[in-house]
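Reviewing the structure listed below.
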Amino acid sequence: VGQVEFLRGPFSALYGNSSGRVVQAITRDGSKTPTLSGGITFGSYNTKREFLTLEGQQGDVNYIMSTSQITSNGYRDHSEYRGDNFNAKVSMNLNEDTKLTLVANYMNQPYTDDPQALTPSQFKQDPKQAISSSYTGNTRVTREQTYGGVILDHNLTETQSVRLMTTMVKDQIFNICRPRLRALSAILVARICDGLTRILCLLNHLVLPQVLLMT
């Protein structure tokens, strides 16, 4: 991350209809010379993170790509998780006033076990325990997200510029919860959730161009 901006105010046209404020992280550009770097870190509860980054500059094309994986057994019982992530940014100067940037991100969370909430008495007895239905129902969450974007920046004058931006997001979430509802209620909830999921998937596949005039 090369820059973090805190944006206040209505930004629904850019970041969705629920965003009154936005924390925007801007990926840094790649180094001027080709560089390959990586590392591995370890933490408590068998937590491990591995990462690899490739970056550089070839003529007018600048690139930076990174991949990482994090795994952990979690603090509580039945709280293991894993996350895989890939990011890429390629920018090219079309001329001295115009710059084209392509960005992509892929996140895969194949499993995040859910130990579920404890009652005060259960927490006092053992804060690390998972309730029994977490094992019988194997409660967990899986998530997969794909993001892509194209940005075209053009300088109009020394103090004014215009940006054309379009993005696409595909988000898939699969959540297995503890069964509490009767069969009929479960069927109704499943149908409602399926309908909402179809609507969200349709919206996520929309590609909406944005035009910004910056001074």
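Simple scheme: letters A, B, ... for chains in structure tokens order, numbers from 1 for residues in each chain, numbers from 1 for ligands in the order shown.
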
In segment 53-128 of chain A, what's strand (DSSP E or B) per DSSP? Answer as a PyMOL selection string? chain A and resi 53-58+61-72+81-93+98-113

Near Thr101 of chain A, within 10 Å and counting only C-alpha atoms, which residues show up once chain neighbours fewer than 2 positions away are dropped, as a compact mmCIF listing (two decimals) with all heavy atoms, in the first residue's frame?
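Output below, filename part.txt:
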```
# COMPACT_ATOMS: atom_id res chain seq x y z
N VAL A 61 5.86 0.76 -19.09
CA VAL A 61 4.97 -0.13 -18.35
C VAL A 61 5.55 -0.39 -16.96
O VAL A 61 6.69 -0.86 -16.82
CB VAL A 61 4.76 -1.46 -19.09
CG1 VAL A 61 3.86 -2.38 -18.28
CG2 VAL A 61 4.17 -1.21 -20.48
N ASN A 62 4.76 -0.10 -15.94
CA ASN A 62 5.13 -0.36 -14.55
C ASN A 62 4.21 -1.45 -14.00
O ASN A 62 3.00 -1.45 -14.28
CB ASN A 62 5.01 0.91 -13.71
CG ASN A 62 5.44 0.70 -12.27
OD1 ASN A 62 4.66 0.26 -11.44
ND2 ASN A 62 6.69 1.03 -11.98
N TYR A 63 4.76 -2.38 -13.22
CA TYR A 63 3.94 -3.48 -12.72
C TYR A 63 4.34 -3.86 -11.30
O TYR A 63 5.49 -3.68 -10.89
CB TYR A 63 4.06 -4.70 -13.64
CG TYR A 63 5.48 -5.24 -13.74
CD1 TYR A 63 5.96 -6.21 -12.86
CD2 TYR A 63 6.34 -4.77 -14.74
CE1 TYR A 63 7.26 -6.69 -12.96
CE2 TYR A 63 7.63 -5.25 -14.84
CZ TYR A 63 8.09 -6.21 -13.95
OH TYR A 63 9.38 -6.67 -14.04
N LYS A 89 -1.21 -4.89 -10.27
CA LYS A 89 -1.42 -3.54 -10.79
C LYS A 89 -0.42 -3.30 -11.91
O LYS A 89 0.79 -3.44 -11.73
CB LYS A 89 -1.23 -2.50 -9.69
CG LYS A 89 -1.34 -1.06 -10.16
CD LYS A 89 -1.08 -0.09 -9.03
CE LYS A 89 -1.11 1.36 -9.50
NZ LYS A 89 -0.81 2.31 -8.40
N VAL A 90 -0.93 -2.95 -13.10
CA VAL A 90 -0.10 -2.67 -14.27
C VAL A 90 -0.53 -1.31 -14.82
O VAL A 90 -1.71 -1.09 -15.11
CB VAL A 90 -0.25 -3.75 -15.36
CG1 VAL A 90 0.61 -3.41 -16.55
CG2 VAL A 90 0.11 -5.12 -14.81
N SER A 91 0.42 -0.41 -14.95
CA SER A 91 0.11 0.92 -15.47
C SER A 91 1.03 1.24 -16.65
O SER A 91 2.19 0.79 -16.70
CB SER A 91 0.27 1.99 -14.38
OG SER A 91 1.58 1.96 -13.83
N MET A 92 0.51 2.00 -17.59
CA MET A 92 1.26 2.34 -18.80
C MET A 92 1.00 3.79 -19.18
O MET A 92 -0.16 4.24 -19.21
CB MET A 92 0.85 1.41 -19.95
CG MET A 92 1.55 1.71 -21.26
SD MET A 92 1.19 0.47 -22.55
CE MET A 92 -0.61 0.58 -22.62
N ASN A 93 2.05 4.52 -19.46
CA ASN A 93 1.93 5.90 -19.91
C ASN A 93 1.69 5.91 -21.42
O ASN A 93 2.59 5.58 -22.20
CB ASN A 93 3.20 6.68 -19.57
CG ASN A 93 3.39 6.84 -18.08
OD1 ASN A 93 2.44 7.07 -17.35
ND2 ASN A 93 4.63 6.72 -17.62
N LYS A 99 -2.49 8.26 -18.76
CA LYS A 99 -1.99 7.04 -18.09
C LYS A 99 -3.12 6.03 -17.96
O LYS A 99 -4.22 6.36 -17.53
CB LYS A 99 -1.43 7.39 -16.71
CG LYS A 99 -0.91 6.21 -15.93
CD LYS A 99 -0.39 6.66 -14.56
CE LYS A 99 0.12 5.48 -13.75
NZ LYS A 99 0.61 5.92 -12.41
N VAL A 103 -6.05 -2.96 -12.68
CA VAL A 103 -5.90 -3.52 -11.34
C VAL A 103 -6.75 -4.79 -11.23
O VAL A 103 -7.81 -4.91 -11.86
CB VAL A 103 -6.32 -2.51 -10.25
CG1 VAL A 103 -5.37 -1.33 -10.21
CG2 VAL A 103 -7.75 -2.02 -10.48
N GLY A 149 -10.45 -3.83 -12.43
CA GLY A 149 -10.75 -2.44 -12.73
C GLY A 149 -9.83 -1.87 -13.80
O GLY A 149 -8.71 -2.33 -13.98
N VAL A 150 -10.34 -0.86 -14.51
CA VAL A 150 -9.58 -0.13 -15.52
C VAL A 150 -9.70 1.35 -15.21
O VAL A 150 -10.81 1.86 -15.00
CB VAL A 150 -10.10 -0.42 -16.95
CG1 VAL A 150 -9.28 0.37 -17.97
CG2 VAL A 150 -10.06 -1.90 -17.25
N ILE A 151 -8.57 2.05 -15.16
CA ILE A 151 -8.55 3.47 -14.82
C ILE A 151 -7.78 4.22 -15.90
O ILE A 151 -6.66 3.83 -16.27
CB ILE A 151 -7.88 3.72 -13.45
CG1 ILE A 151 -8.58 2.91 -12.37
CG2 ILE A 151 -7.91 5.21 -13.10
CD1 ILE A 151 -7.86 2.92 -11.04
N LEU A 152 -8.37 5.28 -16.40
CA LEU A 152 -7.72 6.12 -17.41
C LEU A 152 -7.63 7.54 -16.85
O LEU A 152 -8.64 8.17 -16.57
CB LEU A 152 -8.51 6.11 -18.71
CG LEU A 152 -7.88 6.89 -19.88
CD1 LEU A 152 -6.56 6.26 -20.31
CD2 LEU A 152 -8.86 6.98 -21.05
N ASP A 153 -6.41 8.01 -16.65
CA ASP A 153 -6.16 9.37 -16.15
C ASP A 153 -5.61 10.24 -17.27
O ASP A 153 -4.70 9.82 -18.01
CB ASP A 153 -5.17 9.35 -14.99
CG ASP A 153 -5.73 8.67 -13.76
OD1 ASP A 153 -6.70 9.20 -13.20
OD2 ASP A 153 -5.20 7.62 -13.35
N MET A 165 -13.11 5.62 -14.84
CA MET A 165 -12.87 4.41 -14.07
C MET A 165 -14.05 3.46 -14.18
O MET A 165 -15.21 3.86 -14.06
CB MET A 165 -12.64 4.77 -12.59
CG MET A 165 -12.41 3.58 -11.67
SD MET A 165 -11.93 4.11 -9.99
CE MET A 165 -13.36 5.10 -9.55
```

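Of the listed residues A:Asn155, A:Thr33, A:Ser133, A:Thr27, the one whose atoms come nearest to Asp97 of chain A is A:Asn155, with distances taken using only C-alpha atoms.
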
Among the residues of segment 24-144 of chain A, find those DSSP assigns to helix (DSSP H, G or I) from the backbone and print them as an mmCIF file with all heavy atoms, in the first residue's frame.
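As a result, result.cif now contains:
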```cif
data_model
loop_
_atom_site.group_PDB
_atom_site.id
_atom_site.type_symbol
_atom_site.label_atom_id
_atom_site.label_comp_id
_atom_site.auth_asym_id
_atom_site.auth_seq_id
_atom_site.Cartn_x
_atom_site.Cartn_y
_atom_site.Cartn_z
ATOM 1 N N PRO A 120 -22.341 -16.358 29.091
ATOM 2 C CA PRO A 120 -21.417 -15.907 30.147
ATOM 3 C C PRO A 120 -20.881 -17.051 31.002
ATOM 4 O O PRO A 120 -19.691 -17.057 31.362
ATOM 5 C CB PRO A 120 -22.279 -14.945 30.971
ATOM 6 C CG PRO A 120 -23.280 -14.412 30.002
ATOM 7 C CD PRO A 120 -23.589 -15.564 29.085
ATOM 8 N N SER A 121 -21.719 -18.025 31.307
ATOM 9 C CA SER A 121 -21.255 -19.146 32.127
ATOM 10 C C SER A 121 -20.262 -20.022 31.360
ATOM 11 O O SER A 121 -19.263 -20.491 31.915
ATOM 12 C CB SER A 121 -22.451 -19.989 32.586
ATOM 13 O OG SER A 121 -23.168 -20.498 31.474
ATOM 14 N N GLN A 122 -20.507 -20.225 30.057
ATOM 15 C CA GLN A 122 -19.583 -21.008 29.238
ATOM 16 C C GLN A 122 -18.252 -20.290 29.092
ATOM 17 O O GLN A 122 -17.184 -20.919 29.142
ATOM 18 C CB GLN A 122 -20.202 -21.284 27.866
ATOM 19 C CG GLN A 122 -21.353 -22.256 27.863
ATOM 20 C CD GLN A 122 -22.021 -22.343 26.498
ATOM 21 O OE1 GLN A 122 -22.072 -21.371 25.743
ATOM 22 N NE2 GLN A 122 -22.561 -23.520 26.178
ATOM 23 N N PHE A 123 -18.302 -18.978 28.929
ATOM 24 C CA PHE A 123 -17.068 -18.206 28.809
ATOM 25 C C PHE A 123 -16.256 -18.266 30.092
ATOM 26 O O PHE A 123 -15.018 -18.367 30.053
ATOM 27 C CB PHE A 123 -17.389 -16.754 28.451
ATOM 28 C CG PHE A 123 -16.175 -15.888 28.280
ATOM 29 C CD1 PHE A 123 -15.486 -15.865 27.081
ATOM 30 C CD2 PHE A 123 -15.723 -15.098 29.327
ATOM 31 C CE1 PHE A 123 -14.353 -15.075 26.920
ATOM 32 C CE2 PHE A 123 -14.588 -14.301 29.180
ATOM 33 C CZ PHE A 123 -13.909 -14.293 27.964
ATOM 34 N N LYS A 124 -16.939 -18.194 31.221
ATOM 35 C CA LYS A 124 -16.248 -18.253 32.516
ATOM 36 C C LYS A 124 -15.612 -19.621 32.717
ATOM 37 O O LYS A 124 -14.524 -19.740 33.300
ATOM 38 C CB LYS A 124 -17.226 -17.935 33.640
ATOM 39 C CG LYS A 124 -16.579 -17.842 35.011
ATOM 40 C CD LYS A 124 -17.595 -17.440 36.064
ATOM 41 C CE LYS A 124 -16.936 -17.342 37.437
ATOM 42 N NZ LYS A 124 -17.922 -16.944 38.489
ATOM 43 N N GLN A 125 -16.285 -20.658 32.235
ATOM 44 C CA GLN A 125 -15.767 -22.014 32.387
ATOM 45 C C GLN A 125 -14.545 -22.250 31.509
ATOM 46 O O GLN A 125 -13.525 -22.769 31.961
ATOM 47 C CB GLN A 125 -16.858 -23.025 32.029
ATOM 48 C CG GLN A 125 -16.425 -24.482 32.143
ATOM 49 C CD GLN A 125 -17.505 -25.423 31.658
ATOM 50 O OE1 GLN A 125 -18.411 -25.042 30.918
ATOM 51 N NE2 GLN A 125 -17.429 -26.680 32.093
ATOM 52 N N SER A 132 -21.108 -27.332 21.272
ATOM 53 C CA SER A 132 -21.171 -28.672 20.667
ATOM 54 C C SER A 132 -21.718 -28.657 19.246
ATOM 55 O O SER A 132 -21.272 -29.419 18.383
ATOM 56 C CB SER A 132 -22.014 -29.600 21.537
ATOM 57 O OG SER A 132 -23.334 -29.084 21.699
ATOM 58 N N SER A 133 -22.691 -27.783 18.965
ATOM 59 C CA SER A 133 -23.283 -27.767 17.627
ATOM 60 C C SER A 133 -22.306 -27.271 16.573
ATOM 61 O O SER A 133 -22.529 -27.470 15.373
ATOM 62 C CB SER A 133 -24.537 -26.905 17.616
ATOM 63 O OG SER A 133 -24.236 -25.569 17.964
ATOM 64 N N SER A 134 -21.220 -26.628 16.997
ATOM 65 C CA SER A 134 -20.210 -26.206 16.037
ATOM 66 C C SER A 134 -19.547 -27.415 15.397
ATOM 67 O O SER A 134 -19.171 -27.380 14.215
ATOM 68 C CB SER A 134 -19.140 -25.344 16.726
ATOM 69 O OG SER A 134 -19.701 -24.165 17.253
ATOM 70 N N TYR A 135 -19.410 -28.498 16.187
ATOM 71 C CA TYR A 135 -18.797 -29.706 15.649
ATOM 72 C C TYR A 135 -19.819 -30.543 14.874
ATOM 73 O O TYR A 135 -19.525 -31.034 13.778
ATOM 74 C CB TYR A 135 -18.218 -30.541 16.787
ATOM 75 C CG TYR A 135 -17.139 -29.829 17.581
ATOM 76 C CD1 TYR A 135 -17.421 -29.261 18.813
ATOM 77 C CD2 TYR A 135 -15.847 -29.724 17.076
ATOM 78 C CE1 TYR A 135 -16.430 -28.613 19.535
ATOM 79 C CE2 TYR A 135 -14.858 -29.072 17.789
ATOM 80 C CZ TYR A 135 -15.156 -28.520 19.027
ATOM 81 O OH TYR A 135 -14.179 -27.882 19.733
ATOM 82 N N THR A 136 -21.021 -30.696 15.431
ATOM 83 C CA THR A 136 -22.022 -31.523 14.760
ATOM 84 C C THR A 136 -22.476 -30.903 13.440
ATOM 85 O O THR A 136 -22.718 -31.608 12.454
ATOM 86 C CB THR A 136 -23.240 -31.733 15.672
ATOM 87 O OG1 THR A 136 -23.774 -30.452 16.048
ATOM 88 C CG2 THR A 136 -22.839 -32.487 16.942
#
```

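Of the listed residues A:Leu54, A:Ile131, A:Val162, A:Val169, the one whose atoms come nearest to Ala104 of chain A is A:Val169, with distances taken using only C-alpha atoms.
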
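The residue that comes closest to Ala88 of chain A, out of A:Thr146, A:Thr112, A:Ser44, A:Ser72 and on the basis of only C-alpha atoms, is A:Thr146.
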
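The space separating atom CA of Asn138 of chain A from atom CA of Lys48 of chain A comes to 23.2 Å.
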
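For Gly38 of chain A, the set of protein, DNA and RNA residues having any atom at most 12 Å away, when counting only C-alpha atoms and skipping those fewer than 3 positions along the same chain, is Thr35, Thr41, Arg49, Glu50, Phe51, Leu52, Thr53, Leu54, Glu55, Met65, Ser66, Thr67, Ser68 and Gln69 of chain A.
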
What does the structure give for the distance between atom CA of Gly39 of chain A and atom CA of Val141 of chain A, in Å to one decimal?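 One can read the atom CA of Gly39 of chain A to atom CA of Val141 of chain A distance as 27.6 Å.
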
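Near His78 of chain A, within a cut-off of 8 Å and counting only C-alpha atoms, sit the residues Asn73, Asp113, Asp114, Pro115, Ala130, Ser134 and Tyr135 of chain A, with same-chain residues fewer than 5 positions away left out.
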
For Leu102 of chain A, the nearest of the candidates A:Asn87, A:Thr71, A:Thr142, A:Ser161, counting only C-alpha atoms: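 Among the listed residues, the smallest separation from Leu102 of chain A belongs to A:Asn87.
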
Counting only C-alpha atoms, figure out which residue out of A:Asn46, A:Leu94, A:Thr157, A:Tyr106 gets nearest to Glu80 of chain A.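 When distances to Glu80 of chain A are compared using only C-alpha atoms, the smallest one comes from A:Asn46.
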